[in-house]
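Before any comments, here is the structure.
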Amino acid sequence: LRPNDVTDFIERLNKAKTYLPEYSDHRIAGCMAFLKDDGHAKNMAMKRGLLVIRATGNSASIINAPEFDVKYF
């Protein structure tokens with residue numbers, strides 16, 4: 001996971017309802033999953049309101065704090 005990945009994904013989320021008008025009345029929560037990050041990209045994603053999932057072995061877990069406020073697009 002790199003900072004550019006986060007920026008690009010948020011740009012796509014901002015356009016999602018334009019490309020998928022059938023979801024125009026829905027709230028969309030952004031979520032990014034990763035195996036490795038560059039050290040601060042996961043924090044960047046969280047600061048921008050995305051849920052962040054770390055893949056670990058045969059499993060994965062959301063690493064956001066329990067009090068995290070998700071940004072809806």
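Ordered as shown in the structure tokens, chains take letters A, B, and onward, while each chain numbers its residues from 1 and ligands are numbered from 1 in the order shown.
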
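All residues within chain A that the backbone DSSP calculation assigns to helix (DSSP H, G or I) are Pro3, Asn4, Asp5, Val6, Thr7, Asp8, Phe9, Ile10, Glu11, Arg12, Leu13, Asn14, Lys15, Ala16, Lys17, Thr18, Tyr19, Pro21, Glu22, Tyr23, Ala41, Lys42, Asn43, Met44, Ala45, Met46 and Lys47 of chain A.
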
Per residue of region 47-72 of chain A within 12 Å of region 10-17 of chain A, which atom pair is closest and at what distance in Å (one decimal), using only C-alpha atoms, listed by chain and increasing number, as a tab-separated table?
residue	atom	partner	partner_atom	distance
A:Lys47	CA	A:Ile10	CA	11.9
A:Arg48	CA	A:Ile10	CA	8.5
A:Gly49	CA	A:Ile10	CA	9.7
A:Leu50	CA	A:Ile10	CA	8.7
A:Leu51	CA	A:Ile10	CA	11.9
A:Lys71	CA	A:Ile10	CA	10.6
A:Tyr72	CA	A:Leu13	CA	9.3

Take the selection from the previous step and output its residues with N, CA and C atoms, as a compact mmCIF listing (two decimals), in the first residue's frame.
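The result, stored in result-v7.txt:
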# COMPACT_ATOMS: atom_id res chain seq x y z
N LYS A 47 -6.72 8.47 8.16
CA LYS A 47 -6.97 9.91 8.34
C LYS A 47 -7.98 10.43 7.33
N ARG A 48 -8.08 9.77 6.19
CA ARG A 48 -9.03 10.18 5.15
C ARG A 48 -10.35 9.44 5.25
N GLY A 49 -10.54 8.68 6.34
CA GLY A 49 -11.82 8.05 6.62
C GLY A 49 -12.04 6.66 6.07
N LEU A 50 -10.99 6.02 5.56
CA LEU A 50 -11.14 4.69 5.00
C LEU A 50 -10.93 3.62 6.06
N LEU A 51 -11.67 2.54 5.93
CA LEU A 51 -11.40 1.36 6.75
C LEU A 51 -10.14 0.71 6.17
N LYS A 71 -15.73 7.53 6.86
CA LYS A 71 -16.25 8.55 5.93
C LYS A 71 -17.05 7.82 4.87
N TYR A 72 -18.24 8.32 4.63
CA TYR A 72 -19.09 7.74 3.58
C TYR A 72 -19.04 8.62 2.35

DSSP-assigned strand (DSSP E or B) members of chain A, reported as a PyMOL selection string:
chain A and resi 29+31-34+51-56+59-62+72

Any chance you can output those residues with all heavy atoms as a short mmCIF file (atom, residue, chain, number, x, y, z; two decimals), in the first residue's frame?
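The new file out.cif reads:
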data_model
loop_
_atom_site.label_atom_id
_atom_site.label_comp_id
_atom_site.auth_asym_id
_atom_site.auth_seq_id
_atom_site.Cartn_x
_atom_site.Cartn_y
_atom_site.Cartn_z
N ALA A 29 -18.90 3.09 1.96
CA ALA A 29 -17.75 3.18 2.86
C ALA A 29 -16.53 2.68 2.10
O ALA A 29 -16.57 1.62 1.47
CB ALA A 29 -17.98 2.33 4.10
N CYS A 31 -12.78 1.16 1.75
CA CYS A 31 -11.98 0.18 2.49
C CYS A 31 -10.79 -0.23 1.64
O CYS A 31 -10.95 -0.49 0.45
CB CYS A 31 -12.86 -1.02 2.80
SG CYS A 31 -12.04 -2.28 3.76
N MET A 32 -9.61 -0.25 2.25
CA MET A 32 -8.41 -0.68 1.53
C MET A 32 -7.77 -1.82 2.31
O MET A 32 -7.68 -1.77 3.53
CB MET A 32 -7.41 0.46 1.40
CG MET A 32 -7.93 1.61 0.58
SD MET A 32 -6.64 2.75 0.07
CE MET A 32 -6.01 1.89 -1.38
N ALA A 33 -7.33 -2.84 1.58
CA ALA A 33 -6.65 -3.97 2.19
C ALA A 33 -5.21 -4.01 1.69
O ALA A 33 -4.92 -3.57 0.59
CB ALA A 33 -7.37 -5.27 1.83
N PHE A 34 -4.32 -4.52 2.54
CA PHE A 34 -2.92 -4.58 2.14
C PHE A 34 -2.19 -5.74 2.81
O PHE A 34 -2.61 -6.24 3.85
CB PHE A 34 -2.21 -3.26 2.47
CG PHE A 34 -1.98 -3.03 3.95
CD1 PHE A 34 -0.76 -3.34 4.52
CD2 PHE A 34 -2.97 -2.50 4.75
CE1 PHE A 34 -0.55 -3.13 5.87
CE2 PHE A 34 -2.77 -2.28 6.09
CZ PHE A 34 -1.54 -2.59 6.66
N LEU A 51 -11.67 2.54 5.93
CA LEU A 51 -11.40 1.36 6.75
C LEU A 51 -10.14 0.71 6.17
O LEU A 51 -9.95 0.69 4.95
CB LEU A 51 -12.57 0.38 6.69
CG LEU A 51 -13.84 0.85 7.38
CD1 LEU A 51 -15.01 -0.02 6.96
CD2 LEU A 51 -13.66 0.82 8.88
N VAL A 52 -9.30 0.18 7.03
CA VAL A 52 -8.04 -0.42 6.58
C VAL A 52 -7.97 -1.86 7.09
O VAL A 52 -8.16 -2.12 8.28
CB VAL A 52 -6.83 0.39 7.09
CG1 VAL A 52 -5.53 -0.25 6.64
CG2 VAL A 52 -6.91 1.84 6.58
N ILE A 53 -7.69 -2.77 6.16
CA ILE A 53 -7.62 -4.20 6.47
C ILE A 53 -6.21 -4.69 6.21
O ILE A 53 -5.67 -4.52 5.12
CB ILE A 53 -8.61 -5.00 5.60
CG1 ILE A 53 -10.04 -4.53 5.88
CG2 ILE A 53 -8.46 -6.49 5.87
CD1 ILE A 53 -11.06 -5.13 4.94
N ARG A 54 -5.62 -5.32 7.22
CA ARG A 54 -4.29 -5.93 7.07
C ARG A 54 -4.48 -7.43 6.91
O ARG A 54 -5.12 -8.08 7.74
CB ARG A 54 -3.43 -5.66 8.29
CG ARG A 54 -2.10 -6.43 8.22
CD ARG A 54 -1.27 -6.24 9.45
NE ARG A 54 -0.63 -4.93 9.32
CZ ARG A 54 -0.31 -4.16 10.35
NH1 ARG A 54 -0.57 -4.54 11.57
NH2 ARG A 54 0.28 -3.01 10.14
N ALA A 55 -3.92 -7.96 5.83
CA ALA A 55 -3.94 -9.40 5.61
C ALA A 55 -2.82 -10.03 6.43
O ALA A 55 -1.68 -9.55 6.42
CB ALA A 55 -3.75 -9.71 4.13
N THR A 56 -3.17 -11.08 7.17
CA THR A 56 -2.19 -11.75 8.02
C THR A 56 -2.36 -13.26 7.87
O THR A 56 -3.36 -13.82 8.31
CB THR A 56 -2.38 -11.37 9.50
OG1 THR A 56 -3.73 -11.62 9.87
CG2 THR A 56 -2.06 -9.92 9.75
N SER A 59 -5.74 -15.05 7.18
CA SER A 59 -6.82 -14.24 7.72
C SER A 59 -6.58 -12.77 7.38
O SER A 59 -5.60 -12.41 6.75
CB SER A 59 -6.87 -14.42 9.24
OG SER A 59 -7.94 -13.71 9.78
N ALA A 60 -7.48 -11.94 7.83
CA ALA A 60 -7.36 -10.49 7.67
C ALA A 60 -8.13 -9.84 8.80
O ALA A 60 -9.06 -10.42 9.35
CB ALA A 60 -7.90 -10.05 6.33
N SER A 61 -7.73 -8.62 9.15
CA SER A 61 -8.45 -7.92 10.21
C SER A 61 -8.46 -6.42 9.94
O SER A 61 -7.52 -5.87 9.36
CB SER A 61 -7.84 -8.21 11.57
OG SER A 61 -6.49 -7.81 11.60
N ILE A 62 -9.54 -5.80 10.38
CA ILE A 62 -9.64 -4.34 10.29
C ILE A 62 -8.78 -3.77 11.41
O ILE A 62 -8.92 -4.18 12.57
CB ILE A 62 -11.10 -3.88 10.43
CG1 ILE A 62 -11.92 -4.43 9.27
CG2 ILE A 62 -11.19 -2.35 10.48
CD1 ILE A 62 -13.41 -4.18 9.39
N TYR A 72 -18.24 8.32 4.63
CA TYR A 72 -19.09 7.74 3.58
C TYR A 72 -19.04 8.62 2.35
O TYR A 72 -19.02 9.84 2.45
CB TYR A 72 -20.53 7.58 4.08
CG TYR A 72 -20.63 6.55 5.17
CD1 TYR A 72 -20.64 6.92 6.51
CD2 TYR A 72 -20.68 5.20 4.86
CE1 TYR A 72 -20.72 5.97 7.51
CE2 TYR A 72 -20.75 4.24 5.86
CZ TYR A 72 -20.78 4.64 7.18
OH TYR A 72 -20.83 3.69 8.17
#

Point out the residue among A:Arg2, A:Tyr19, A:Asn64, A:Thr7 with the least atom-to-atom distance to Lys36 (chain A), counting only C-alpha atoms.
A:Arg2

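Among the candidates A:Ala65, A:Leu1, A:Asp8, A:Leu20, the one nearest to Asp38 (chain A) when counting only C-alpha atoms is A:Leu1.
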